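Printed here is protein_14.txt (compact mmCIF, C-alpha atoms and all ligand atoms):
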```txt
# COMPACT_ATOMS: atom_id res chain seq x y z
CA MET A 1 -17.51 -44.28 10.64
CA PRO A 2 -16.89 -42.33 7.38
CA VAL A 3 -15.66 -38.79 8.01
CA SER A 4 -18.43 -37.33 5.84
CA SER A 5 -21.12 -38.60 8.21
CA LEU A 6 -19.84 -36.67 11.24
CA PRO A 7 -22.29 -33.85 12.00
CA ALA A 8 -21.22 -30.22 11.85
CA VAL A 9 -21.10 -28.78 15.36
CA LEU A 10 -19.66 -25.31 14.78
CA PRO A 11 -21.95 -22.31 14.36
CA GLY A 12 -22.41 -21.14 10.76
CA THR A 13 -24.22 -22.01 7.58
CA GLY A 14 -21.77 -24.33 5.79
CA GLY A 15 -22.63 -28.02 5.37
CA THR A 16 -19.53 -29.21 7.28
CA ASP A 17 -17.40 -27.88 10.09
CA TYR A 18 -14.58 -27.42 7.56
CA ALA A 19 -16.86 -25.19 5.46
CA ARG A 20 -18.04 -23.31 8.55
CA TYR A 21 -14.59 -22.70 10.00
CA MET A 22 -12.85 -21.91 6.70
CA ARG A 23 -15.86 -20.01 5.35
CA THR A 24 -15.35 -21.84 2.05
CA ASP A 25 -18.83 -21.01 0.72
CA GLU A 26 -18.11 -17.27 0.95
CA LEU A 27 -14.50 -17.66 -0.17
CA LEU A 28 -15.33 -19.63 -3.31
CA ALA A 29 -18.09 -17.19 -4.23
CA LEU A 30 -15.59 -14.32 -4.45
CA GLN A 31 -14.56 -15.03 -8.05
CA LYS A 32 -16.57 -14.12 -11.12
CA SER A 33 -18.73 -16.98 -12.28
CA PRO A 34 -18.19 -18.41 -15.80
CA VAL A 35 -21.27 -16.65 -17.17
CA ASP A 36 -19.69 -13.28 -16.28
CA TRP A 37 -16.21 -14.02 -17.65
CA VAL A 38 -14.95 -11.92 -20.52
CA HIS A 39 -12.31 -14.65 -20.84
CA PRO A 40 -11.85 -18.02 -19.02
CA ASP A 41 -8.35 -16.90 -17.90
CA GLU A 42 -10.04 -14.35 -15.64
CA LEU A 43 -10.26 -17.04 -12.97
CA LEU A 44 -6.46 -17.43 -12.98
CA PHE A 45 -5.99 -13.67 -12.92
CA GLN A 46 -8.44 -13.14 -10.04
CA ILE A 47 -7.16 -16.04 -7.95
CA VAL A 48 -3.52 -14.93 -8.16
CA HIS A 49 -4.51 -11.43 -7.08
CA GLN A 50 -6.96 -12.51 -4.40
CA SER A 51 -4.60 -15.06 -2.87
CA SER A 52 -1.81 -12.45 -2.91
CA GLU A 53 -4.10 -10.10 -0.97
CA LEU A 54 -4.70 -12.82 1.63
CA TRP A 55 -0.97 -13.47 2.11
CA LEU A 56 -0.40 -9.72 2.32
CA LYS A 57 -3.10 -9.51 4.98
CA LEU A 58 -1.18 -12.13 6.96
CA THR A 59 2.10 -10.30 6.33
CA ARG A 60 0.63 -7.07 7.67
CA SER A 61 -0.61 -8.87 10.79
CA LEU A 62 2.80 -10.50 11.37
CA LEU A 63 4.58 -7.16 11.05
CA SER A 64 2.12 -5.56 13.50
CA ARG A 65 2.85 -8.31 16.00
CA ALA A 66 6.58 -7.85 15.39
CA LEU A 67 6.15 -4.13 16.11
CA THR A 68 4.47 -4.92 19.44
CA HIS A 69 7.38 -7.18 20.41
CA LEU A 70 9.92 -4.63 19.24
CA SER A 71 8.25 -1.92 21.32
CA ALA A 72 8.46 -4.25 24.33
CA GLY A 73 12.20 -4.79 23.70
CA GLN A 74 11.66 -8.42 22.60
CA ALA A 75 13.95 -8.48 19.57
CA GLY A 76 14.02 -12.29 19.28
CA ALA A 77 10.24 -12.64 19.10
CA ALA A 78 10.05 -9.79 16.57
CA GLU A 79 12.74 -11.42 14.42
CA LEU A 80 10.82 -14.71 14.15
CA LEU A 81 7.68 -12.90 12.98
CA VAL A 82 9.58 -10.82 10.41
CA HIS A 83 11.10 -14.04 9.04
CA ARG A 84 7.63 -15.56 8.72
CA ALA A 85 6.40 -12.41 6.96
CA ALA A 86 9.30 -12.71 4.50
CA GLU A 87 8.23 -16.30 3.78
CA ALA A 88 4.74 -15.04 2.92
CA LEU A 89 6.30 -12.60 0.43
CA ARG A 90 8.33 -15.44 -1.04
CA LEU A 91 5.10 -17.37 -1.60
CA ILE A 92 3.34 -14.52 -3.40
CA THR A 93 6.44 -14.04 -5.55
CA GLU A 94 6.05 -17.69 -6.56
CA HIS A 95 2.37 -17.01 -7.33
CA LEU A 96 3.42 -14.54 -10.01
CA ARG A 97 5.17 -17.26 -11.99
CA ILE A 98 1.95 -18.85 -13.20
CA LEU A 99 0.92 -15.56 -14.85
CA ARG A 100 3.73 -16.14 -17.36
CA SER A 101 1.37 -18.69 -18.90
CA LEU A 102 -1.24 -15.98 -19.51
CA PRO A 103 -1.17 -15.27 -23.27
CA PRO A 104 -0.93 -11.53 -24.03
CA ALA A 105 -3.99 -11.79 -26.30
CA HIS A 106 -6.06 -13.25 -23.44
CA PHE A 107 -4.95 -10.53 -21.05
CA ALA A 108 -5.79 -7.89 -23.66
CA VAL A 109 -9.40 -9.11 -23.38
CA ILE A 110 -9.36 -9.34 -19.56
CA ARG A 111 -7.87 -5.85 -19.32
CA ARG A 112 -11.08 -4.36 -20.72
CA ALA A 113 -12.94 -5.70 -17.67
CA LEU A 114 -10.55 -4.09 -15.15
CA GLY A 115 -11.76 -0.49 -15.47
CA ASN A 116 -9.18 1.81 -13.91
CA GLY A 117 -8.20 -0.88 -11.41
CA SER A 118 -4.44 -1.10 -10.87
CA GLY A 119 -2.01 -2.91 -8.58
CA PHE A 120 -1.15 0.50 -7.12
CA GLU A 121 -4.54 0.27 -5.39
CA SER A 122 -3.74 -3.09 -3.77
CA PRO A 123 -4.84 -2.77 -0.11
CA GLY A 124 -2.36 -5.47 0.87
CA TRP A 125 0.63 -3.62 -0.55
CA ARG A 126 -0.60 -0.30 0.87
CA LEU A 127 -0.86 -1.77 4.38
CA LEU A 128 2.54 -3.38 3.98
CA ARG A 129 4.06 0.00 3.20
CA SER A 130 2.62 1.55 6.39
CA ALA A 131 3.63 -1.49 8.47
CA THR A 132 7.25 -1.30 7.32
CA THR A 133 7.36 2.46 7.97
CA GLU A 134 6.16 1.87 11.54
CA LEU A 135 8.75 -0.86 12.07
CA ASP A 136 11.50 1.29 10.60
CA ILE A 137 10.65 4.17 12.95
CA ALA A 138 10.40 1.87 16.00
CA PHE A 139 13.72 0.16 15.20
CA SER A 140 15.50 3.50 14.72
CA ARG A 141 14.05 4.76 18.01
CA LEU A 142 15.22 1.67 19.83
CA LEU A 143 18.76 2.06 18.48
CA SER A 144 18.78 5.77 19.44
CA SER A 145 17.63 4.94 22.96
CA LEU A 146 20.65 2.61 23.21
CA ARG A 147 22.88 5.35 21.71
CA LEU A 148 23.68 3.07 18.79
CA THR A 149 23.78 3.79 15.08
CA PRO A 150 23.01 1.05 12.53
CA ALA A 151 26.73 1.07 11.62
CA ASP A 152 27.63 0.47 15.30
CA LEU A 153 25.22 -2.46 15.27
CA TYR A 154 26.86 -3.94 12.16
CA ARG A 155 30.30 -3.57 13.73
CA GLY A 156 29.06 -5.77 16.59
CA GLN A 157 28.29 -9.47 16.87
CA PRO A 158 26.01 -11.00 14.19
CA SER A 159 24.53 -13.18 16.94
CA ASP A 160 23.33 -10.12 18.90
CA PRO A 161 19.47 -10.19 18.97
CA LEU A 162 19.25 -6.64 17.61
CA TYR A 163 21.73 -7.40 14.83
CA ARG A 164 19.66 -10.48 13.94
CA LEU A 165 16.47 -8.43 13.89
CA ALA A 166 18.13 -5.84 11.64
CA GLU A 167 19.09 -8.65 9.26
CA ALA A 168 15.54 -10.01 9.27
CA LEU A 169 14.29 -6.53 8.30
CA VAL A 170 16.88 -6.31 5.52
CA ALA A 171 15.89 -9.78 4.29
CA PHE A 172 12.26 -8.68 4.27
CA ASP A 173 13.21 -5.59 2.27
CA GLU A 174 15.03 -7.83 -0.20
CA ARG A 175 11.88 -9.94 -0.51
CA ILE A 176 9.93 -6.84 -1.55
CA ALA A 177 12.57 -6.09 -4.21
CA LEU A 178 12.46 -9.70 -5.42
CA TRP A 179 8.66 -9.55 -5.70
CA ARG A 180 8.97 -6.31 -7.69
CA THR A 181 11.62 -7.85 -9.96
CA GLU A 182 9.39 -10.83 -10.68
CA HIS A 183 6.32 -8.60 -11.08
CA TYR A 184 8.08 -6.38 -13.62
CA SER A 185 9.31 -9.43 -15.49
CA VAL A 186 5.82 -10.99 -15.61
CA ALA A 187 4.14 -7.67 -16.46
CA THR A 188 6.39 -7.07 -19.48
CA ARG A 189 6.01 -10.68 -20.58
CA VAL A 190 2.23 -10.21 -20.61
CA ILE A 191 1.80 -6.61 -21.80
CA GLY A 192 5.19 -5.84 -23.38
CA GLN A 193 7.46 -2.80 -22.95
CA GLY A 194 6.84 0.85 -23.76
CA VAL A 195 3.13 0.59 -22.91
CA LEU A 196 0.94 2.04 -20.17
CA GLY A 197 -0.73 0.11 -17.37
CA THR A 198 -4.38 0.44 -16.40
CA ARG A 199 -3.42 3.38 -14.16
CA HIS A 200 -1.69 4.93 -17.17
CA THR A 201 1.70 4.37 -15.54
CA PRO A 202 4.42 3.33 -18.01
CA VAL A 203 5.33 -0.28 -17.36
CA ASP A 204 8.96 0.81 -17.78
CA SER A 205 8.68 2.94 -14.61
CA LEU A 206 8.36 -0.23 -12.49
CA PRO A 207 12.11 -1.14 -12.37
CA ALA A 208 12.91 2.10 -10.51
CA LEU A 209 10.78 0.81 -7.62
CA ILE A 210 12.98 -2.27 -7.24
CA ALA A 211 15.79 -0.18 -5.71
CA HIS A 212 13.43 1.49 -3.24
CA ARG A 213 14.18 0.54 0.38
CA ARG A 214 11.73 0.29 3.28
CA PHE A 215 14.52 0.22 5.90
CA PRO A 216 16.93 2.73 4.32
CA THR A 217 19.18 3.33 7.34
CA LEU A 218 20.10 -0.36 7.49
CA TRP A 219 21.23 -0.24 3.86
CA GLU A 220 23.00 3.10 4.33
CA ALA A 221 24.96 1.56 7.21
CA ARG A 222 26.33 -1.07 4.80
CA THR A 223 27.33 1.65 2.37
CA ALA A 224 29.03 3.58 5.17
CA LEU A 225 31.00 0.50 6.26
CA THR A 226 32.15 -0.16 2.69
CA GLN A 227 33.17 3.47 2.23
CA THR A 228 35.12 3.35 5.49
CA SER A 229 37.08 0.35 4.26
CA SER A 230 37.77 1.77 0.77
CA PRO A 231 37.62 5.59 1.02
CA GLY A 232 39.45 6.05 -2.29
CA ALA A 233 36.88 4.10 -4.30
CA CYS A 234 34.98 6.21 -6.79
CA PRO A 235 31.63 5.23 -8.31
CA ARG A 236 31.79 3.86 -11.84
CA ARG A 237 28.89 3.36 -14.17
CA VAL A 238 28.43 -0.13 -15.49
CA GLN A 239 27.55 -0.30 -19.18
CA PRO A 240 24.31 -2.21 -19.87
C1 LIG B 1 -0.73 -10.15 -15.78
C2 LIG B 1 -0.24 -9.76 -14.62
C3 LIG B 1 0.09 -8.35 -14.27
C4 LIG B 1 0.35 -7.28 -15.08
C5 LIG B 1 0.36 -7.22 -16.60
C6 LIG B 1 0.61 -6.13 -14.21
C7 LIG B 1 0.91 -4.87 -14.65
C8 LIG B 1 1.16 -3.78 -13.86
C9 LIG B 1 1.45 -2.45 -14.32
C10 LIG B 1 1.54 -2.03 -15.79
C11 LIG B 1 1.62 -1.67 -13.24
C12 LIG B 1 1.91 -0.15 -13.25
C13 LIG B 1 0.68 0.60 -12.75
C14 LIG B 1 -0.48 0.62 -13.72
O1 LIG B 1 -0.55 1.51 -14.57
O2 LIG B 1 -1.35 -0.25 -13.58
C15 LIG B 1 1.47 -2.51 -12.07
C16 LIG B 1 1.63 -2.08 -10.76
C17 LIG B 1 1.45 -2.89 -9.66
N1 LIG B 1 0.97 -4.17 -9.67
FE1 LIG B 1 0.74 -5.37 -11.26
N2 LIG B 1 0.53 -6.54 -12.90
C18 LIG B 1 0.19 -7.88 -12.89
C19 LIG B 1 -0.02 -8.68 -11.77
C20 LIG B 1 -0.02 -8.22 -10.46
C21 LIG B 1 -0.31 -9.03 -9.31
C22 LIG B 1 -0.66 -10.53 -9.29
C23 LIG B 1 -0.21 -8.24 -8.23
C24 LIG B 1 -0.48 -8.67 -6.82
C25 LIG B 1 -1.19 -7.97 -5.95
C26 LIG B 1 0.16 -6.90 -8.70
C27 LIG B 1 0.40 -5.80 -7.91
C28 LIG B 1 0.89 -4.59 -8.36
C29 LIG B 1 1.36 -3.53 -7.49
C30 LIG B 1 1.46 -3.59 -5.95
C31 LIG B 1 1.73 -2.47 -8.30
C32 LIG B 1 2.35 -1.13 -7.86
C33 LIG B 1 3.82 -1.11 -8.18
C34 LIG B 1 4.75 -1.69 -7.12
O3 LIG B 1 4.52 -1.50 -5.91
O4 LIG B 1 5.79 -2.32 -7.50
N3 LIG B 1 0.27 -6.96 -10.07
N4 LIG B 1 1.18 -3.78 -12.46
```
Could I get this file's structure written as structure tokens?
Amino acid sequence: MPVSSLPAVLPGTGGTDYARYMRTDELLALQKSPVDWVHPDELLFQIVHQSSELWLKLTRSLLSRALTHLSAGQAGAAELLVHRAAEALRLITEHLRILRSLPPAHFAVIRRALGNGSGFESPGWRLLRSATTELDIAFSRLLSSLRLTPADLYRGQPSDPLYRLAEALVAFDERIALWRTEHYSVATRVIGQGVLGTRHTPVDSLPALIAHRRFPTLWEARTALTQTSSPGACPRRVQP
């Protein structure tokens, strides 16, 4: 029997169970239709943003579940979820690559349709920020309850479940920085340098965000360990 002739049995309005479960009718209606395009490349621009928001929604959910495990003292289960969340960030970093093929002249047309809309308003990234803050606080509390500092943790065994979770959080933080690096690179490729974004933020202010850390104490612990091993070292500026 051909697959197409199987009847839909799930509740919903789609013509097939696939459409009903995946809500494809609604999903595929979420992009501007060709008659409303100011430029055909709007579809690319919208899909990259919309799909990023979906992955960020998943990331937020994974981090919330990780927080629940962390609060229950289940470091191993939390670590697995943080790793999966980092994979989602890797995927949306890959998504950015295709925007390199967006000609600046095309984006200059699309930009007029964006109003004051800016990536700073991304709900996915906003929720990610709050999720990482919650995890950071919970992890610090857990260490304090065990009378451990992050540096103590890093002096211990890398196979320790808490050490492994700390490393998963650091890897996640790195993923954010890698997304920001790629985003800055793509943004300047499309709109150039020395210009303002739609939120009137200079594009050249984006690199400063790359060094921002969501789990600062875990990075500070590394610095402290390095300083302990080479107390005489003095910071030197590297010439660009
Ligand atoms: C052609 C592609 C893109 C360009 C030219 C671009 C440009 C910019 C610019 C200039 C800013 C600074 C704020 C402003 O004034 O708007 C910004 C911020 C931001 N954009 Fe984009 N962007 C692009 C694609 C994306 C995509 C696909 C996302 C995914 C959601 C995104 C998310 C963000 C976020 C979260 C910020 C806040 C800064 C940060 O957290 O690092 N952008 N973007």
The centre and edge lengths of an axis-aligned box containing all atoms of ligand LIG 1 (chain B) present in the file, extended by 5 Å on each side, are to be given in Å to one decimal, as AutoDock Vina command-line options.
```
--center_x 2.2 --center_y -4.5 --center_z -11.3 --size_x 17.1 --size_y 22.0 --size_z 20.7
```
Show me, as CSV, the residues of chain A having an atom within 7 Å of ligand LIG 1 (chain B), each with the closest atom pair and its distance in Å, using all atoms listed in the file.
```
residue,atom,partner,partner_atom,distance
A:Phe45,CA,B:LIG1,C1,6.9
A:Val48,CA,B:LIG1,C22,5.4
A:His49,CA,B:LIG1,C22,4.5
A:Ser52,CA,B:LIG1,C25,5.4
A:Glu53,CA,B:LIG1,C25,6.1
A:Leu96,CA,B:LIG1,C22,5.8
A:Leu99,CA,B:LIG1,C1,5.7
A:Leu102,CA,B:LIG1,C1,6.9
A:Phe107,CA,B:LIG1,C1,6.8
A:Ser118,CA,B:LIG1,O2,4.2
A:Gly119,CA,B:LIG1,C28,3.4
A:Phe120,CA,B:LIG1,C32,3.9
A:Ser122,CA,B:LIG1,C30,5.7
A:Trp125,CA,B:LIG1,C30,5.5
A:Arg180,CA,B:LIG1,O4,5.1
A:His183,CA,B:LIG1,N3,6.3
A:Val186,CA,B:LIG1,C2,6.3
A:Ala187,CA,B:LIG1,C5,3.8
A:Thr188,CA,B:LIG1,C5,6.7
A:Val190,CA,B:LIG1,C5,5.3
A:Ile191,CA,B:LIG1,C5,5.4
A:Leu196,CA,B:LIG1,O1,5.8
A:Gly197,CA,B:LIG1,O1,3.1
A:Thr198,CA,B:LIG1,O2,4.2
A:Arg199,CA,B:LIG1,O1,3.4
A:His200,CA,B:LIG1,O1,4.4
A:Thr201,CA,B:LIG1,O1,3.8
A:Pro202,CA,B:LIG1,O1,6.3
A:Val203,CA,B:LIG1,C10,4.5
A:Leu206,CA,B:LIG1,O4,6.0
A:Leu209,CA,B:LIG1,O4,5.9
```
Sorted by chain and rising residue number, list the residues of segment 127-224 of chain A at most 10 Å from segment 58-77 of chain A (counting all atoms listed in the file), each with its closest atom pair and distance in Å to one decimal, as a tab-separated table.
```
residue	atom	partner	partner_atom	distance
A:Leu127	CA	A:Arg60	CA	6.4
A:Leu128	CA	A:Arg60	CA	5.6
A:Arg129	CA	A:Arg60	CA	9.0
A:Ser130	CA	A:Arg60	CA	8.9
A:Ala131	CA	A:Leu63	CA	6.3
A:Thr132	CA	A:Leu63	CA	7.4
A:Glu134	CA	A:Leu67	CA	7.5
A:Leu135	CA	A:Leu67	CA	5.8
A:Asp136	CA	A:Leu67	CA	9.4
A:Ile137	CA	A:Leu67	CA	10.0
A:Ala138	CA	A:Ser71	CA	6.9
A:Phe139	CA	A:Leu70	CA	7.3
A:Arg141	CA	A:Ser71	CA	9.4
A:Leu142	CA	A:Ser71	CA	8.0
A:Asp160	CA	A:Ala75	CA	9.5
A:Pro161	CA	A:Ala75	CA	5.8
A:Leu162	CA	A:Ala75	CA	5.9
A:Tyr163	CA	A:Ala75	CA	9.2
A:Arg164	CA	A:Gly76	CA	8.0
A:Leu165	CA	A:Ala75	CA	6.2
A:Ala166	CA	A:Ala75	CA	9.3
```
| So which one's closest to Ile92 of chain A, A:Trp219, A:Trp179, A:Tyr184, A:Trp37? Using only C-alpha atoms, please. | A:Trp179
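Atom CA of Gln46 of chain A sits 16.9 Å away from atom CA of Asp25 of chain A.
Ranking A:Leu81, A:Pro207, A:Arg147, A:Leu10 by their shortest atom-to-atom distance to Met22 of chain A, with all atoms listed in the file included, puts A:Leu10 first.
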| query | For Arg126 of chain A, which residue out of A:Val9, A:Lys57, A:Ile110, A:Pro216 is the nearest one, using all atoms listed in the file? | reply |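 Using all atoms listed in the file, the shortest distance to Arg126 of chain A belongs to A:Lys57.
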| query | Which of these, A:Ala19, A:Leu146, A:Ile176, A:Leu153, has the shortest distance to Leu89 of chain A once you count all atoms listed in the file? | reply | A:Ile176
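Each of A:Thr149, A:Thr13, A:Thr93, A:Gln50 was checked against Leu27 of chain A using only C-alpha atoms; the smallest atom-to-atom distance is that of A:Gln50.
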